[in-house]
>>> print(open('coords13.tsv').read())   # TSV, C-alpha atoms and all ligand atoms
chain	number	residue	atom	x	y	z
A	868	MET	CA	68.17	111.68	102.66
A	869	SER	CA	70.22	113.11	105.47
A	870	GLY	CA	68.50	115.45	107.88
A	871	SER	CA	71.71	117.29	108.67
A	872	PRO	CA	73.59	119.70	106.42
A	873	LEU	CA	76.85	117.97	107.44
A	874	ARG	CA	77.70	114.25	107.28
A	875	ILE	CA	80.83	112.53	108.49
A	876	THR	CA	81.95	109.06	107.42
A	877	VAL	CA	84.70	107.30	109.34
A	878	ILE	CA	87.27	106.11	106.80
A	879	GLY	CA	89.90	105.12	109.36
A	880	CYS	CA	89.99	105.48	113.13
A	881	SER	CA	92.80	103.25	114.38
A	882	GLY	CA	94.98	105.07	116.92
A	883	SER	CA	98.64	105.77	116.17
A	884	TYR	CA	99.02	103.04	113.51
A	885	PRO	CA	96.76	101.03	111.21
A	886	GLY	CA	95.06	98.04	112.84
A	887	PRO	CA	93.59	94.81	111.48
A	888	SER	CA	90.17	96.35	110.84
A	889	SER	CA	90.95	100.01	110.26
A	890	SER	CA	93.50	102.34	108.73
A	891	ALA	CA	94.90	105.25	110.71
A	892	SER	CA	92.93	108.51	111.02
A	893	CYS	CA	90.78	109.77	108.16
A	894	TYR	CA	87.24	111.17	108.14
A	895	LEU	CA	85.17	112.20	105.13
A	896	LEU	CA	82.98	115.29	105.54
A	897	GLU	CA	80.22	115.94	103.03
A	898	ALA	CA	77.85	118.87	102.63
A	899	GLU	CA	75.64	120.15	99.81
A	900	HIS	CA	76.43	123.57	98.42
A	901	GLU	CA	75.75	125.33	95.11
A	902	GLY	CA	74.08	122.25	93.63
A	903	ARG	CA	76.77	119.67	94.37
A	904	THR	CA	78.30	117.65	97.19
A	905	TRP	CA	81.46	119.17	98.67
A	906	ARG	CA	83.91	116.68	100.18
A	907	VAL	CA	86.67	117.42	102.64
A	908	LEU	CA	88.95	114.99	104.45
A	909	LEU	CA	89.92	115.43	108.06
A	910	ASP	CA	93.40	113.85	108.12
A	911	LEU	CA	94.76	111.27	105.69
A	912	GLY	CA	96.75	108.87	107.85
A	913	ASN	CA	98.60	105.74	106.78
A	914	GLY	CA	96.40	103.18	105.07
A	915	ALA	CA	93.47	105.57	104.67
A	916	LEU	CA	93.74	106.24	100.93
A	917	GLY	CA	93.02	102.57	100.19
A	918	ALA	CA	89.97	102.52	102.43
A	919	LEU	CA	88.74	105.83	101.01
A	920	HIS	CA	88.13	104.16	97.60
A	921	THR	CA	85.44	102.01	99.24
A	922	TYR	CA	83.29	105.04	100.02
A	923	VAL	CA	84.00	107.66	97.39
A	924	ASP	CA	86.11	108.34	94.29
A	925	PRO	CA	89.20	109.90	95.91
A	926	LEU	CA	89.55	112.24	92.93
A	927	THR	CA	86.32	114.01	94.01
A	928	ILE	CA	87.87	115.29	97.24
A	929	ASP	CA	87.84	119.11	97.32
A	930	ALA	CA	90.28	119.74	100.18
A	931	VAL	CA	92.19	118.12	103.03
A	932	LEU	CA	92.49	119.42	106.59
A	933	VAL	CA	95.49	117.95	108.41
A	934	SER	CA	95.43	118.13	112.20
A	935	HIS	CA	99.19	117.59	112.60
A	936	LEU	CA	102.16	116.01	110.89
A	937	HIS	CA	102.41	112.66	112.64
A	938	ALA	CA	102.40	109.79	110.12
A	939	ASP	CA	99.08	108.39	111.30
A	940	HIS	CA	97.40	111.70	110.30
A	941	CYS	CA	99.14	112.81	107.10
A	942	LEU	CA	101.24	110.10	105.45
A	943	ASP	CA	98.76	108.98	102.79
A	944	LEU	CA	99.06	112.43	101.22
A	945	CYS	CA	102.06	110.70	99.56
A	946	GLY	CA	99.91	108.20	97.70
A	947	TYR	CA	97.26	110.82	97.04
A	948	TYR	CA	99.91	113.07	95.47
A	949	VAL	CA	100.80	110.25	93.03
A	950	MET	CA	97.17	109.57	92.26
A	951	ARG	CA	96.42	113.19	91.37
A	952	LYS	CA	99.69	113.92	89.56
A	953	TYR	CA	100.06	110.81	87.40
A	954	HIS	CA	96.44	109.78	86.83
A	955	PRO	CA	96.08	108.40	83.27
A	956	GLY	CA	93.09	110.70	82.77
A	957	GLY	CA	95.44	113.65	83.22
A	958	ALA	CA	96.77	115.54	86.21
A	959	LEU	CA	94.04	116.77	88.52
A	960	PRO	CA	93.74	120.42	89.54
A	961	LYS	CA	95.46	121.60	92.69
A	962	ILE	CA	93.40	121.35	95.86
A	963	PRO	CA	93.93	123.14	99.17
A	964	VAL	CA	95.56	121.28	102.05
A	965	TRP	CA	95.31	123.14	105.33
A	966	GLY	CA	97.77	122.11	108.02
A	967	PRO	CA	100.69	123.17	110.20
A	968	ALA	CA	103.07	125.75	108.70
A	969	ASP	CA	105.71	123.13	107.85
A	970	SER	CA	103.41	120.82	105.88
A	971	ALA	CA	104.81	121.43	102.35
A	972	ARG	CA	108.40	120.77	103.39
A	973	ARG	CA	107.53	117.76	105.51
A	974	MET	CA	105.43	116.08	102.83
A	975	ALA	CA	108.18	116.64	100.21
A	976	LYS	CA	110.61	114.98	102.58
A	977	ALA	CA	108.23	112.09	103.23
A	978	TYR	CA	108.19	111.31	99.50
A	979	ASP	CA	111.91	112.12	99.03
A	980	LEU	CA	111.08	115.02	96.69
A	981	ASP	CA	113.06	118.22	96.28
A	982	GLU	CA	111.34	120.90	98.31
A	983	ASP	CA	110.80	122.87	95.10
A	984	PRO	CA	108.37	121.93	93.69
A	985	GLY	CA	107.71	119.17	96.22
A	986	MET	CA	103.97	118.56	96.19
A	987	ASN	CA	103.22	122.25	95.63
A	988	GLU	CA	101.88	121.68	92.10
A	989	GLU	CA	99.30	119.19	93.35
A	990	PHE	CA	98.44	120.69	96.72
A	991	ASP	CA	98.04	124.28	97.80
A	992	PHE	CA	99.46	124.03	101.33
A	993	ILE	CA	97.89	126.67	103.56
A	994	PRO	CA	98.88	127.10	107.21
A	995	TYR	CA	96.19	127.56	109.81
A	996	ASP	CA	96.14	131.03	111.24
A	997	ASN	CA	93.85	132.86	113.60
A	998	LEU	CA	91.20	133.37	110.96
A	999	ALA	CA	88.57	130.76	110.29
A	1000	VAL	CA	88.90	128.79	107.05
A	1001	GLU	CA	85.93	129.51	104.77
A	1002	PHE	CA	85.64	126.85	102.08
A	1003	GLY	CA	82.42	126.11	100.18
A	1004	PRO	CA	79.81	125.30	102.83
A	1005	PHE	CA	82.45	124.70	105.52
A	1006	ARG	CA	83.64	127.12	108.15
A	1007	VAL	CA	86.62	125.70	110.05
A	1008	THR	CA	88.36	127.03	113.12
A	1009	ALA	CA	91.71	125.51	114.14
A	1010	ARG	CA	92.91	125.79	117.72
A	1011	GLU	CA	96.33	124.72	118.87
A	1012	VAL	CA	96.31	121.84	121.36
A	1013	VAL	CA	98.97	120.13	123.48
A	1014	HIS	CA	100.87	117.31	121.73
A	1015	PRO	CA	104.62	116.73	121.18
A	1016	VAL	CA	104.42	118.50	117.80
A	1017	THR	CA	102.37	121.48	116.60
A	1018	ALA	CA	98.83	120.12	116.51
A	1019	TYR	CA	95.35	121.50	116.02
A	1020	ALA	CA	91.84	120.61	117.06
A	1021	LEU	CA	89.34	121.50	114.35
A	1022	ARG	CA	85.82	122.87	114.65
A	1023	VAL	CA	83.76	122.53	111.48
A	1024	GLU	CA	80.49	124.41	111.08
A	1025	VAL	CA	77.92	124.03	108.31
A	1026	ASP	CA	74.53	125.78	108.46
A	1027	GLY	CA	74.43	125.95	112.23
A	1028	ARG	CA	75.61	122.37	112.86
A	1029	THR	CA	79.00	121.87	114.50
A	1030	LEU	CA	81.48	119.02	114.42
A	1031	ALA	CA	84.46	119.19	116.77
A	1032	TYR	CA	87.53	117.03	116.09
A	1033	SER	CA	90.27	116.67	118.67
A	1034	GLY	CA	93.06	115.53	116.36
A	1035	ASP	CA	95.64	114.25	118.87
A	1036	SER	CA	95.59	116.19	122.12
A	1037	GLY	CA	96.11	116.13	125.84
A	1038	VAL	CA	93.66	117.94	128.13
A	1039	CYS	CA	93.92	121.68	127.36
A	1040	PRO	CA	91.80	124.82	126.90
A	1041	GLY	CA	92.13	124.68	123.08
A	1042	LEU	CA	90.47	121.27	123.07
A	1043	GLU	CA	87.63	122.32	125.35
A	1044	ASP	CA	87.02	125.52	123.34
A	1045	THR	CA	86.82	123.45	120.17
A	1046	ALA	CA	84.29	121.07	121.69
A	1047	ARG	CA	82.09	123.82	123.20
A	1048	ASP	CA	78.40	123.02	122.55
A	1049	ALA	CA	79.38	120.90	119.53
A	1050	ASP	CA	76.61	118.73	118.05
A	1051	LEU	CA	79.14	115.93	117.59
A	1052	PHE	CA	82.52	115.74	119.32
A	1053	LEU	CA	84.88	113.32	117.61
A	1054	CYS	CA	87.48	112.85	120.29
A	1055	GLU	CA	90.60	110.76	120.57
A	1056	ALA	CA	90.97	108.32	123.47
A	1057	SER	CA	94.38	106.71	123.06
A	1058	PHE	CA	95.17	106.10	126.71
A	1059	MET	CA	93.60	104.14	129.56
A	1060	GLU	CA	93.17	105.27	133.14
A	1061	GLY	CA	95.61	103.75	135.63
A	1062	ALA	CA	98.55	103.50	133.21
A	1063	PRO	CA	101.66	105.70	133.55
A	1064	ASN	CA	100.48	108.02	130.76
A	1065	PRO	CA	102.90	110.82	129.78
A	1066	PRO	CA	101.35	114.32	130.13
A	1067	ASP	CA	100.27	116.54	127.21
A	1068	LEU	CA	100.16	113.72	124.68
A	1069	HIS	CA	96.80	111.93	124.48
A	1070	LEU	CA	93.52	111.49	126.37
A	1071	THR	CA	92.09	108.58	128.30
A	1072	GLY	CA	88.47	107.63	127.72
A	1073	ALA	CA	87.67	109.30	131.04
A	1074	GLU	CA	89.40	112.53	129.98
A	1075	ALA	CA	87.55	112.52	126.68
A	1076	GLY	CA	84.29	112.12	128.60
A	1077	ARG	CA	85.15	114.88	131.07
A	1078	THR	CA	86.12	117.25	128.28
A	1079	ALA	CA	82.79	116.57	126.52
A	1080	THR	CA	80.96	117.21	129.81
A	1081	ASP	CA	82.85	120.43	130.58
A	1082	ALA	CA	82.41	121.71	127.02
A	1083	GLY	CA	78.69	120.85	126.86
A	1084	SER	CA	79.16	118.70	123.74
A	1085	ARG	CA	75.87	117.10	122.68
A	1086	ARG	CA	77.25	113.78	121.43
A	1087	LEU	CA	80.60	112.05	121.85
A	1088	LEU	CA	82.28	109.74	119.36
A	1089	LEU	CA	85.47	108.11	120.62
A	1090	THR	CA	88.25	107.52	118.13
A	1091	HIS	CA	92.01	106.93	117.73
A	1092	ILE	CA	92.01	103.93	120.06
A	1093	PRO	CA	95.19	101.95	119.37
A	1094	PRO	CA	94.77	98.25	118.49
A	1095	TRP	CA	96.62	97.26	121.70
A	1096	HIS	CA	93.72	98.54	123.87
A	1097	ASP	CA	90.25	97.14	124.41
A	1098	PRO	CA	87.81	99.70	122.95
A	1099	GLU	CA	85.02	98.54	125.28
A	1100	GLN	CA	87.11	99.50	128.32
A	1101	VAL	CA	87.85	102.92	126.84
A	1102	LEU	CA	84.13	103.35	126.13
A	1103	ALA	CA	83.26	102.36	129.71
A	1104	GLU	CA	85.61	105.06	131.05
A	1105	ALA	CA	83.96	107.71	128.88
A	1106	VAL	CA	80.42	106.62	129.77
A	1107	LYS	CA	81.20	107.16	133.46
A	1108	ALA	CA	82.41	110.70	132.78
A	1109	TYR	CA	79.76	111.87	130.31
A	1110	ASP	CA	75.96	111.69	130.55
A	1111	GLY	CA	75.20	112.18	126.85
A	1112	GLU	CA	75.19	109.73	123.95
A	1113	VAL	CA	78.63	108.19	123.46
A	1114	ALA	CA	79.81	105.63	120.92
A	1115	LEU	CA	82.94	104.14	119.40
A	1116	ALA	CA	83.86	105.30	115.90
A	1117	THR	CA	83.79	102.40	113.45
A	1118	PRO	CA	85.06	102.43	109.86
A	1119	GLY	CA	82.37	102.88	107.25
A	1120	THR	CA	79.80	104.42	109.58
A	1121	THR	CA	78.22	107.71	108.52
A	1122	TYR	CA	76.87	110.14	111.10
A	1123	ASP	CA	74.59	113.10	110.61
A	1124	VAL	CA	76.16	115.93	112.59
A	1201	ZN	ZN	97.65	110.03	116.12
A	1202	ZN	ZN	100.01	112.59	117.04
>>> encode(input="coords13.tsv", output="structure tokens")
Amino acid sequence: MSGSPLRITVIGCSGSYPGPSSSASCYLLEAEHEGRTWRVLLDLGNGALGALHTYVDPLTIDAVLVSHLHADHCLDLCGYYVMRKYHPGGALPKIPVWGPADSARRMAKAYDLDEDPGMNEEFDFIPYDNLAVEFGPFRVTAREVVHPVTAYALRVEVDGRTLAYSGDSGVCPGLEDTARDADLFLCEASFMEGAPNPPDLHLTGAEAGRTATDAGSRRLLLTHIPPWHDPEQVLAEAVKAYDGEVALATPGTTYDV
């Protein structure tokens, strides 16, 4: 039995596109509340819906939180839409999908649907605003971060435990605020030091480590490493910049927050 009120399972953690041993970004959050397990997905990137079946019945998901509308974070909402709408057991009830303001239109376009109804009968698309999302046991705060499109870092709190998720982000105050004193900081590390990395796009392992240090995060989990990089090198960068416990996210691993 878990000692933490919040558990996270890595469904997919490959950076920017699916790799040979992982789908793109997707994380399953679970917490007990009112006598049952509540399940929320952080992102549903390409390839992740297939992998999700390995860990849980996808029809038991209560909500999805999308960090931003790049394909590697949202595209498997297309397959999930089909699964819920056309399931032989009958259409499933609408579930909330929090995300950027344009999510409903963009997902309709991704599936080549008319905007009305688009996926609006399957998903209740809700834009992040300045208020925290209160959903079952979860309290979620979204902060805008720097990335080429509107993107959010997400801070999820359950019974005094805090998970911070970077989504995709360059170094910025929104990211550090999200990671402040977090029990577990799930942070992207797509870049490597010494390369001509464009600004305001992604983090190196060293930048992820420094952000965790500056924010006082208690544990660091590196994710979103693209298959073209060596994860051990990214990890080594982060270890130099952060004194706490740091690890590489791996598909199928569950962490108590
Ligand atoms: Zn990404
Ligand atoms: Zn992105």
>>> residues_near_ligand(input="coords13.tsv", ligand="ligand ZN 1201 (chain A)", cutoff="7 Å", atoms="all atoms listed in the file", output="list of chain:residue names")
A:Gly882, A:Ser883, A:His937, A:Asp939, A:His940, A:Asp1035, A:His1091
>>> closest_residue(input="coords13.tsv", among="A:Tyr948, A:Phe1002, A:Tyr1032, A:Tyr884", to="ligand ZN 1202 (chain A)", atoms="all atoms listed in the file")
A:Tyr884
>>> residues_near_ligand(input="coords13.tsv", ligand="ligand ZN 1202 (chain A)", cutoff="12 Å", atoms="all atoms listed in the file", output="VMD selection string")
chain A and resid 882 to 884 891 to 892 910 912 933 to 942 1012 to 1020 1033 to 1037 1055 to 1057 1067 to 1070 1091 1093
>>> axis_aligned_box(input="coords13.tsv", around="stretch 1027-1044 of chain A", padding_each_side="5 Å", output="lines of an AutoDock Vina configuration file")
center_x = 85.3
center_y = 120.1
center_z = 120.2
size_x = 31.7
size_y = 21.7
size_z = 25.9
>>> atom_distance(input="coords13.tsv", atom1="atom CA of A:Arg973", atom2="atom CA of A:Gly886")
24.5 Å
>>> closest_residue(input="coords13.tsv", among="A:Pro994, A:Gly1119, A:Pro1063, A:Gly1083", to="A:Gly966", atoms="only C-alpha atoms")
A:Pro994
>>> residues_near_point(input="coords13.tsv", point="(88.6, 125.7, 117.4)", cutoff="8 Å", atoms="all atoms listed in the file", output="number ranges by chain")
A: 1007-1011, 1020-1022, 1031, 1041-1042, 1044-1046
>>> residues_around(input="coords13.tsv", residues="A:Leu959", least_positions_apart="5", cutoff="9 Å", atoms="all atoms listed in the file", output="list of chain:residue names")
A:Leu926, A:Met950, A:Arg951, A:Lys952, A:Tyr953, A:His954, A:Glu989
>>> closest_residue(input="coords13.tsv", among="A:Pro1094, A:Ala1116, A:Asn913, A:Val1124", to="A:Val877", atoms="all atoms listed in the file")
A:Ala1116
>>> closest_residue(input="coords13.tsv", among="A:Pro1118, A:Pro984, A:Pro1040, A:Gly1027", to="A:Ile875", atoms="all atoms listed in the file")
A:Pro1118
>>> closest_residue(input="coords13.tsv", among="A:His1096, A:Arg1028, A:Arg1085, A:Lys1107", to="A:Ser871", atoms="all atoms listed in the file")
A:Arg1028
>>> residues_around(input="coords13.tsv", residues="A:Tyr978", least_positions_apart="2", cutoff="12 Å", atoms="only C-alpha atoms", output="PyMOL selection string")
chain A and resi 941-949+971-976+980-982+985-986
>>> closest_residue(input="coords13.tsv", among="A:Arg1047, A:Cys1054, A:Leu916, A:Leu1088", to="A:Thr1120", atoms="all atoms listed in the file")
A:Leu1088
>>> atom_distance(input="coords13.tsv", atom1="atom CA of A:Phe992", atom2="atom CA of A:Ile962")
8.6 Å
>>> residues_around(input="coords13.tsv", residues="A:Arg906", least_positions_apart="6", cutoff="9 Å", atoms="all atoms listed in the file", output="number ranges by chain")
A: 895-899, 927-931
>>> atom_distance(input="coords13.tsv", atom1="atom CA of A:Val1023", atom2="atom CA of A:Asp1110")
23.3 Å
